[in-house]
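Next comes data-v7.tsv, a file with TSV, C-alpha atoms and all ligand atoms.
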chain	number	residue	atom	x	y	z
A	1171	ALA	CA	110.52	123.66	95.05
A	1172	ALA	CA	106.92	124.78	95.60
A	1173	GLN	CA	105.42	123.35	98.78
A	1174	PRO	CA	101.64	123.37	98.25
A	1175	LEU	CA	101.01	120.81	101.01
A	1176	VAL	CA	102.63	122.53	103.99
A	1177	ASP	CA	100.38	122.09	107.06
A	1178	ARG	CA	98.71	119.01	105.59
A	1179	VAL	CA	98.96	115.51	106.99
A	1180	ALA	CA	98.81	112.49	104.66
A	1181	LEU	CA	98.53	108.78	105.35
A	1182	VAL	CA	99.72	106.43	102.60
A	1183	THR	CA	98.96	102.69	102.77
A	1184	GLY	CA	101.29	100.23	101.08
A	1185	ALA	CA	104.17	102.69	101.52
A	1186	SER	CA	106.87	100.03	101.88
A	1187	SER	CA	107.49	99.75	98.12
A	1188	GLY	CA	106.54	100.87	94.64
A	1189	ILE	CA	103.90	103.51	94.09
A	1190	GLY	CA	103.16	104.00	97.80
A	1191	GLU	CA	106.80	104.65	98.66
A	1192	ALA	CA	107.16	107.10	95.76
A	1193	THR	CA	103.91	108.81	96.78
A	1194	ALA	CA	105.08	109.27	100.37
A	1195	LEU	CA	108.30	110.85	99.09
A	1196	ALA	CA	106.44	113.12	96.66
A	1197	LEU	CA	103.88	114.27	99.23
A	1198	ALA	CA	106.66	115.03	101.70
A	1199	GLY	CA	108.53	116.84	98.95
A	1200	ALA	CA	105.46	119.03	98.51
A	1201	GLY	CA	105.55	119.87	102.23
A	1202	ALA	CA	103.16	117.35	103.79
A	1203	SER	CA	103.71	115.39	106.99
A	1204	VAL	CA	103.32	111.72	106.17
A	1205	ALA	CA	102.19	108.60	107.98
A	1206	ILE	CA	103.44	105.53	106.12
A	1207	GLY	CA	101.68	102.19	106.60
A	1208	ALA	CA	102.49	98.63	105.53
A	1209	ARG	CA	103.33	95.23	107.01
A	1210	ARG	CA	107.12	95.29	106.33
A	1211	THR	CA	108.29	97.59	109.09
A	1212	ASP	CA	111.99	97.30	108.16
A	1213	ARG	CA	111.20	98.88	104.79
A	1214	LEU	CA	109.12	101.56	106.47
A	1215	GLU	CA	111.95	102.43	108.86
A	1216	SER	CA	114.42	102.97	106.02
A	1217	LEU	CA	111.88	105.10	104.13
A	1218	ALA	CA	111.22	107.07	107.33
A	1219	GLY	CA	114.94	107.77	107.53
A	1220	ARG	CA	115.00	109.14	103.98
A	1221	LEU	CA	111.92	111.27	104.65
A	1222	ARG	CA	113.39	112.71	107.85
A	1223	GLU	CA	116.64	113.50	106.05
A	1224	GLY	CA	114.55	115.54	103.64
A	1225	GLY	CA	113.10	117.45	106.59
A	1226	ALA	CA	109.65	115.82	106.73
A	1227	ARG	CA	107.65	114.86	109.79
A	1228	VAL	CA	106.95	111.15	109.44
A	1229	LEU	CA	105.12	108.40	111.32
A	1230	PRO	CA	105.83	104.78	110.36
A	1231	LEU	CA	102.85	102.54	111.10
A	1232	GLU	CA	102.82	98.75	111.09
A	1233	LEU	CA	99.57	98.18	109.24
A	1234	ASP	CA	97.76	95.24	107.70
A	1235	VAL	CA	94.78	96.82	105.93
A	1236	THR	CA	92.83	93.55	106.06
A	1237	ASP	CA	92.57	94.09	109.83
A	1238	GLU	CA	89.72	96.54	110.50
A	1239	GLN	CA	90.96	97.40	113.99
A	1240	ALA	CA	94.49	98.07	112.70
A	1241	CYS	CA	93.03	100.51	110.16
A	1242	ALA	CA	91.18	102.40	112.90
A	1243	ASP	CA	94.35	102.46	115.03
A	1244	ALA	CA	96.45	103.79	112.14
A	1245	VAL	CA	94.06	106.69	111.59
A	1246	ARG	CA	93.84	107.43	115.33
A	1247	ARG	CA	97.63	107.42	115.74
A	1248	THR	CA	98.10	109.67	112.69
A	1249	ARG	CA	95.70	112.24	114.14
A	1250	ALA	CA	97.27	112.01	117.60
A	1251	GLU	CA	100.93	112.08	116.54
A	1252	LEU	CA	100.89	114.23	113.41
A	1253	GLY	CA	98.04	116.52	114.45
A	1254	GLY	CA	95.37	115.65	111.88
A	1255	LEU	CA	94.56	113.76	108.72
A	1256	ASP	CA	93.91	115.63	105.48
A	1257	VAL	CA	94.93	113.18	102.74
A	1258	LEU	CA	94.34	109.42	102.75
A	1259	VAL	CA	96.01	107.52	99.89
A	1260	ASN	CA	94.53	104.03	99.71
A	1261	ASN	CA	97.33	102.43	97.74
A	1262	ALA	CA	97.95	99.01	99.37
A	1263	GLY	CA	97.10	96.28	96.91
A	1264	VAL	CA	97.94	92.91	95.42
A	1265	MET	CA	97.54	91.70	91.84
A	1266	LEU	CA	97.40	87.91	91.75
A	1267	LEU	CA	96.63	87.47	88.06
A	1268	GLY	CA	95.48	84.19	86.59
A	1269	THR	CA	92.67	82.31	84.98
A	1270	ILE	CA	89.50	81.73	86.98
A	1271	ALA	CA	89.44	78.02	86.19
A	1272	GLY	CA	92.07	76.33	88.30
A	1273	ALA	CA	92.72	79.38	90.48
A	1274	ASP	CA	93.53	79.18	94.17
A	1275	PRO	CA	90.56	80.89	95.86
A	1276	GLY	CA	93.03	81.95	98.54
A	1277	ASP	CA	94.41	84.39	95.95
A	1278	TRP	CA	90.89	85.75	95.49
A	1279	ARG	CA	90.46	86.30	99.22
A	1280	ARG	CA	93.79	88.12	99.44
A	1281	MET	CA	92.84	90.45	96.59
A	1282	MET	CA	89.33	91.18	97.80
A	1283	ASP	CA	90.43	91.54	101.46
A	1284	THR	CA	93.30	93.90	100.59
A	1285	ASN	CA	92.20	95.85	97.50
A	1286	VAL	CA	88.53	96.17	98.42
A	1287	LEU	CA	87.80	95.63	102.12
A	1288	GLY	CA	91.13	97.14	103.24
A	1289	LEU	CA	90.44	100.29	101.25
A	1290	MET	CA	86.91	100.40	102.72
A	1291	TYR	CA	88.14	99.97	106.32
A	1292	MET	CA	90.69	102.77	105.91
A	1293	THR	CA	88.09	105.04	104.32
A	1294	HIS	CA	85.60	104.30	107.09
A	1295	ALA	CA	88.19	105.10	109.74
A	1296	ALA	CA	89.18	108.41	108.14
A	1297	LEU	CA	85.85	109.68	106.86
A	1298	ASP	CA	84.02	111.04	109.93
A	1299	GLY	CA	86.92	113.32	110.86
A	1300	MET	CA	87.17	114.67	107.31
A	1301	VAL	CA	83.43	115.36	107.16
A	1302	GLU	CA	83.62	117.12	110.56
A	1303	GLN	CA	86.49	119.33	109.41
A	1304	GLY	CA	84.72	119.97	106.09
A	1305	SER	CA	87.75	119.03	104.00
A	1306	GLY	CA	89.95	116.12	103.05
A	1307	ASP	CA	91.17	114.01	100.17
A	1308	ILE	CA	90.64	110.31	99.73
A	1309	VAL	CA	92.74	109.07	96.81
A	1310	ASN	CA	92.05	105.50	95.79
A	1311	MET	CA	94.66	103.62	93.74
A	1312	SER	CA	92.68	101.76	91.11
A	1313	SER	CA	94.07	100.66	87.76
A	1314	VAL	CA	93.44	100.44	84.05
A	1315	ALA	CA	92.11	97.08	85.27
A	1316	GLY	CA	89.35	99.00	87.07
A	1317	ARG	CA	88.01	100.22	83.74
A	1318	THR	CA	88.69	97.35	81.31
A	1319	ALA	CA	88.22	93.66	82.11
A	1320	ARG	CA	90.46	91.10	80.43
A	1321	LYS	CA	90.75	87.33	80.48
A	1322	GLY	CA	93.36	86.21	82.95
A	1323	ALA	CA	92.67	89.11	85.31
A	1324	GLY	CA	89.09	88.36	86.40
A	1325	VAL	CA	89.30	88.72	90.16
A	1326	TYR	CA	91.85	91.55	90.05
A	1327	ASN	CA	89.46	93.28	87.62
A	1328	ALA	CA	86.57	92.60	90.01
A	1329	SER	CA	88.52	94.10	92.92
A	1330	LYS	CA	89.39	97.30	91.03
A	1331	TRP	CA	85.89	97.67	89.54
A	1332	ALA	CA	84.68	97.46	93.14
A	1333	VAL	CA	87.11	100.25	94.06
A	1334	ASN	CA	85.76	102.42	91.24
A	1335	ALA	CA	82.10	101.84	92.16
A	1336	PHE	CA	82.73	102.45	95.87
A	1337	SER	CA	84.68	105.63	95.08
A	1338	GLU	CA	82.00	107.10	92.83
A	1339	SER	CA	79.26	106.37	95.35
A	1340	LEU	CA	81.33	107.88	98.16
A	1341	ARG	CA	82.13	110.92	96.02
A	1342	GLN	CA	78.43	111.68	95.61
A	1343	GLU	CA	77.84	111.14	99.33
A	1344	VAL	CA	80.50	113.53	100.64
A	1345	THR	CA	81.30	116.04	97.90
A	1346	GLY	CA	78.77	118.52	99.27
A	1347	ARG	CA	80.60	118.40	102.58
A	1348	GLY	CA	83.98	119.41	101.21
A	1349	VAL	CA	85.58	115.97	101.00
A	1350	ARG	CA	87.12	115.03	97.64
A	1351	VAL	CA	87.28	111.43	96.44
A	1352	SER	CA	89.65	110.65	93.56
A	1353	LEU	CA	90.65	107.65	91.51
A	1354	VAL	CA	94.17	107.22	90.16
A	1355	GLU	CA	94.33	104.49	87.50
A	1356	PRO	CA	97.84	103.46	86.45
A	1357	GLY	CA	98.78	101.29	83.52
A	1358	ALA	CA	101.96	99.19	83.77
A	1359	VAL	CA	104.34	100.52	86.44
A	1360	THR	CA	107.66	98.86	87.32
A	1361	THR	CA	107.25	97.73	90.97
A	1362	GLU	CA	107.19	94.50	92.98
A	1363	LEU	CA	103.51	93.95	92.09
A	1364	THR	CA	103.99	91.11	89.57
A	1365	SER	CA	106.40	89.23	91.87
A	1366	HIS	CA	103.54	87.91	94.03
A	1367	ILE	CA	101.59	86.20	91.20
A	1368	THR	CA	101.14	82.51	92.00
A	1369	GLN	CA	99.99	81.10	88.60
A	1370	PRO	CA	103.28	80.54	86.67
A	1371	GLU	CA	101.84	81.26	83.19
A	1372	ALA	CA	100.21	84.47	84.41
A	1373	LYS	CA	103.44	85.60	86.02
A	1374	VAL	CA	105.44	85.03	82.84
A	1375	ALA	CA	102.79	86.79	80.72
A	1376	SER	CA	102.72	89.76	83.06
A	1377	GLU	CA	106.50	90.08	83.18
A	1378	ARG	CA	106.66	89.79	79.39
A	1379	MET	CA	104.03	92.52	79.05
A	1380	HIS	CA	106.09	94.85	81.26
A	1381	ALA	CA	109.33	94.01	79.44
A	1382	GLY	CA	107.79	94.71	76.04
A	1383	MET	CA	107.46	98.43	76.61
A	1384	ARG	CA	108.95	101.32	78.53
A	1385	ALA	CA	106.74	101.00	81.60
A	1386	LEU	CA	105.96	103.83	84.00
A	1387	GLU	CA	108.06	104.46	87.08
A	1388	ALA	CA	106.43	104.72	90.47
A	1389	ASP	CA	107.21	108.43	90.64
A	1390	ASP	CA	105.19	108.99	87.44
A	1391	ILE	CA	102.11	108.00	89.44
A	1392	ALA	CA	103.22	109.81	92.60
A	1393	ARG	CA	103.21	113.07	90.64
A	1394	ALA	CA	99.60	112.43	89.63
A	1395	VAL	CA	98.65	112.01	93.31
A	1396	VAL	CA	100.38	115.27	94.23
A	1397	TYR	CA	98.57	117.01	91.35
A	1398	VAL	CA	95.20	115.73	92.57
A	1399	VAL	CA	95.62	116.80	96.19
A	1400	SER	CA	97.32	120.15	95.44
A	1401	GLN	CA	94.31	121.65	93.66
A	1402	PRO	CA	92.41	124.57	95.21
A	1403	ALA	CA	89.48	123.51	97.41
A	1404	HIS	CA	86.85	124.12	94.70
A	1405	VAL	CA	88.60	121.82	92.17
A	1406	ALA	CA	88.01	118.06	92.39
A	1407	VAL	CA	90.08	115.92	90.05
A	1408	ASN	CA	87.85	112.87	90.16
A	1409	GLU	CA	89.81	110.48	88.00
A	1410	VAL	CA	93.31	110.26	86.52
A	1411	LEU	CA	94.15	107.47	84.03
A	1412	VAL	CA	97.90	107.24	83.30
A	1413	ARG	CA	99.29	104.67	80.87
A	1414	PRO	CA	102.82	104.25	79.56
A	1415	THR	CA	102.87	105.80	76.10
A	1416	GLY	CA	103.66	102.37	74.64
A	1417	GLN	CA	100.76	100.51	76.31
A	1418	GLU	CA	97.78	99.62	74.10
A	1501	LIG	P1	104.09	96.83	95.23
A	1501	LIG	O1	103.94	95.37	95.36
A	1501	LIG	O2	105.45	97.39	95.00
A	1501	LIG	O3	103.47	97.57	96.50
A	1501	LIG	C1	102.30	97.11	97.14
A	1501	LIG	C2	102.25	97.71	98.53
A	1501	LIG	O4	101.04	97.27	99.17
A	1501	LIG	C3	103.41	97.27	99.39
A	1501	LIG	O5	103.88	98.40	100.09
A	1501	LIG	C4	102.79	96.27	100.35
A	1501	LIG	O6	103.45	96.37	101.62
A	1501	LIG	C5	101.38	96.81	100.45
A	1501	LIG	N1	100.44	95.82	100.93
A	1501	LIG	C6	100.08	94.64	100.37
A	1501	LIG	N2	99.21	94.00	101.17
A	1501	LIG	C7	99.02	94.79	102.26
A	1501	LIG	C8	98.25	94.67	103.44
A	1501	LIG	N3	97.47	93.60	103.68
A	1501	LIG	N4	98.29	95.66	104.35
A	1501	LIG	C9	99.07	96.74	104.13
A	1501	LIG	N5	99.81	96.93	103.03
A	1501	LIG	C10	99.79	95.95	102.11
A	1501	LIG	O7	103.11	97.25	94.05
A	1501	LIG	P2	102.64	98.68	93.44
A	1501	LIG	O8	103.35	99.79	94.04
A	1501	LIG	O9	102.66	98.51	91.98
A	1501	LIG	O10	101.10	98.68	93.88
A	1501	LIG	C11	100.47	99.72	94.57
A	1501	LIG	C12	99.03	99.87	94.07
A	1501	LIG	O11	99.05	100.26	92.71
A	1501	LIG	C13	98.20	98.59	94.14
A	1501	LIG	O12	96.91	98.92	94.62
A	1501	LIG	C14	98.13	98.14	92.69
A	1501	LIG	O13	96.97	97.39	92.42
A	1501	LIG	C15	98.13	99.48	91.98
A	1501	LIG	N6	98.51	99.41	90.57
A	1501	LIG	C16	99.79	99.03	90.19
A	1501	LIG	C17	100.10	98.93	88.85
A	1501	LIG	C18	101.46	98.45	88.39
A	1501	LIG	O14	101.64	98.19	87.19
A	1501	LIG	N7	102.47	98.33	89.26
A	1501	LIG	C19	99.13	99.26	87.81
A	1501	LIG	C20	97.85	99.67	88.31
A	1501	LIG	C21	97.57	99.74	89.63
A	1501	LIG	P3	103.71	95.15	102.64
A	1501	LIG	O15	103.88	93.90	101.83
A	1501	LIG	O16	104.96	95.60	103.35
A	1501	LIG	O17	102.51	95.13	103.54
Do you think you could lay out the structure here as structure tokens?
Ligand code: NDP
Amino acid sequence: AAQPLVDRVALVTGASSGIGEATALALAGAGASVAIGARRTDRLESLAGRLREGGARVLPLELDVTDEQACADAVRRTRAELGGLDVLVNNAGVMLLGTIAGADPGDWRRMMDTNVLGLMYMTHAALDGMVEQGSGDIVNMSSVAGRTARKGAGVYNASKWAVNAFSESLRQEVTGRGVRVSLVEPGAVTTELTSHITQPEAKVASERMHAGMRALEADDIARAVVYVVSQPAHVAVNEVLVRPTGQE
């Protein structure tokens, strides 16, 4: 297979399952060294084993992106142990769907802390080095929910709209200095994402929505990430929206 990412180092957050895990495998398959971050270190260790079997250099990192210091440490260790940082995939996220009335504001804090502040902390930690080297990719995992608001998804929508606004502002800030900022916006993908929903009706509705169509697989999104970061330096793929064909 073609290996467009040889000599590049990537860090993927939320790599212990779903889209992040598939993205780590796809980036390594394209030749990159990969740092894989998440809280469930047992899952990271087994992924690290698979990546090493495939011949990749890999660094598992226990990482809670809501912890600003942990984000800085993850970036520092990646640079020290893998020799650089060229691609940051801000993928870690939670989707605690539900109505606004009657919601547990704890769900709101988890979503905003993880999807928004966590992504900002990681970006902040990685950015100076990328600007200094005059190159780098920051790929932010948004969602169809970052473009279209719907009832029953208010705070998840708010978190992903925040991701889109932050990404576009950052893009303008650093594009002249060789750093690319990209949004990947999946529709329904079969992962563990819906399993964490706390409002019972919202969980049932979400599972029914996924079951009613042939949803995407995590690797379908991983290929979009590889496409984005494999472009020549003068090509910036700013935004990729990928829905299952059967999703309205
Ligand atoms: P999963 O639940 O399978 O994966 C989520 C990942 O995020 C896990 O690896 C989890 O690891 C990690 N994570 C959660 N909280 C934290 C935290 N505080 N610190 C570090 N890592 C964390 O879901 P997906 O793969 O589907 O989700 C990945 C991204 O894709 C999310 O941003 C989601 O919003 C987005 N997305 C998903 C869609 C879908 O239909 N599946 C559609 C559109 C967007 P751990 O628990 O081990 O820390």
Counting all atoms listed in the file, what are the residues, protein, DNA or RNA alike, that approach ligand LIG 1501 (chain A) to within 8 Å? I want them as number ranges by chain.
A: 1183-1191, 1207-1211, 1213-1214, 1233-1237, 1260-1265, 1280, 1283-1285, 1288, 1311-1315, 1330, 1355-1366, 1386, 1388
Write out as a ChimeraX atom specification each polymer residue whose atoms come within 12 Å of A:Val1399, counting only C-alpha atoms; drop sequence neighbours fewer than 4 positions from it.
/A:1174-1176,1178-1180,1193,1196-1197,1200,1202,1256-1259,1305-1310,1349-1354,1392-1395,1403-1410
Pick out the closest residue to A:Met1292 from this set: A:Gly1276, A:Thr1368, A:Arg1222, A:Leu1255. Count all atoms listed in the file.
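The shortest atom-to-atom distance to A:Met1292 comes from A:Leu1255.
Atom CA of A:Ile1391 to atom CA of A:Leu1217 spans 17.9 Å [interatomic distance, one decimal].
Going from atom CA of A:Val1396 to atom CA of A:Asp1177 covers 14.5 Å.
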Rank A:Ser1339, A:Gln1369, A:Gln1239, A:Thr1248 by their smallest atom-to-atom distance to A:Ser1203, using all atoms listed in the file, and report the top residue only.
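Going through A:Ser1339, A:Gln1369, A:Gln1239, A:Thr1248 one by one, the smallest distance to A:Ser1203 is for A:Thr1248.
Straight-line separation from atom CA of A:Ala1273 to atom CA of A:Lys1321: 12.9 Å.
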Taking into account all atoms listed in the file, which residue in the set A:Val1398, A:Ala1250, A:Val1412, A:Ala1198 is nearest to A:Ala1226?
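Nearest candidate to A:Ala1226 out of A:Val1398, A:Ala1250, A:Val1412, A:Ala1198: A:Ala1198.
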What's around A:Gly1416 at 8 Å? Count all atoms listed in the file, leave out sequence neighbours fewer than 2 positions away in its own chain, and write the answer as a PDB file with C-alpha atoms, in the frame of the given file.
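selection39.pdb, freshly written:
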ATOM      1  CA  MET A1383     107.460  98.430  76.610  1.00  0.00           C
ATOM      2  CA  ARG A1384     108.950 101.320  78.530  1.00  0.00           C
ATOM      3  CA  ALA A1385     106.740 101.000  81.600  1.00  0.00           C
ATOM      4  CA  ARG A1413      99.290 104.670  80.870  1.00  0.00           C
ATOM      5  CA  PRO A1414     102.820 104.250  79.560  1.00  0.00           C
ATOM      6  CA  GLU A1418      97.780  99.620  74.100  1.00  0.00           C
TER       7      GLU A1418
END
When distances are computed from all atoms listed in the file, which of A:Ala1205, A:Val1245, A:Leu1289, A:Leu1297 shows the smallest separation from A:Thr1345?
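When distances to A:Thr1345 are compared using all atoms listed in the file, the smallest one comes from A:Leu1297.
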From the options A:Ile1367, A:Met1300, A:Ala1194, A:Met1281, which residue's atoms come nearest to A:Asn1327, counting all atoms listed in the file?
A:Met1281
With distances taken over only C-alpha atoms, which residue among A:Ala1295, A:Val1344, A:Ala1244, A:Leu1195 lies nearest A:Gly1225?
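For A:Gly1225, the nearest of the candidates is A:Leu1195.
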Complete the atom set of stretch 1286-1300 of chain A to N, CA and C atoms and return it as a compact mmCIF listing (two decimals), in the coordinates of the input.
# COMPACT_ATOMS: atom_id res chain seq x y z
N VAL A 1286 89.90 95.66 98.26
CA VAL A 1286 88.53 96.17 98.42
C VAL A 1286 88.23 96.45 99.90
N LEU A 1287 88.19 95.41 100.72
CA LEU A 1287 87.80 95.63 102.12
C LEU A 1287 88.82 96.51 102.85
N GLY A 1288 90.11 96.32 102.58
CA GLY A 1288 91.13 97.14 103.24
C GLY A 1288 90.93 98.61 102.94
N LEU A 1289 90.69 98.90 101.67
CA LEU A 1289 90.44 100.29 101.25
C LEU A 1289 89.16 100.83 101.91
N MET A 1290 88.16 99.98 102.06
CA MET A 1290 86.91 100.40 102.72
C MET A 1290 87.12 100.66 104.21
N TYR A 1291 87.89 99.78 104.88
CA TYR A 1291 88.14 99.97 106.32
C TYR A 1291 88.89 101.28 106.57
N MET A 1292 89.90 101.54 105.73
CA MET A 1292 90.69 102.77 105.91
C MET A 1292 89.80 104.00 105.67
N THR A 1293 88.98 103.92 104.64
CA THR A 1293 88.09 105.04 104.32
C THR A 1293 87.12 105.28 105.47
N HIS A 1294 86.56 104.21 105.98
CA HIS A 1294 85.60 104.30 107.09
C HIS A 1294 86.25 104.95 108.30
N ALA A 1295 87.49 104.56 108.57
CA ALA A 1295 88.19 105.10 109.74
C ALA A 1295 88.48 106.59 109.59
N ALA A 1296 88.77 107.02 108.36
CA ALA A 1296 89.18 108.41 108.14
C ALA A 1296 88.02 109.36 107.91
N LEU A 1297 86.89 108.83 107.46
CA LEU A 1297 85.85 109.68 106.86
C LEU A 1297 85.18 110.64 107.83
N ASP A 1298 84.78 110.17 109.01
CA ASP A 1298 84.02 111.04 109.93
C ASP A 1298 84.80 112.31 110.25
N GLY A 1299 86.08 112.16 110.53
CA GLY A 1299 86.92 113.32 110.86
C GLY A 1299 87.00 114.30 109.70
N MET A 1300 87.10 113.79 108.48
CA MET A 1300 87.17 114.67 107.31
C MET A 1300 85.85 115.42 107.11
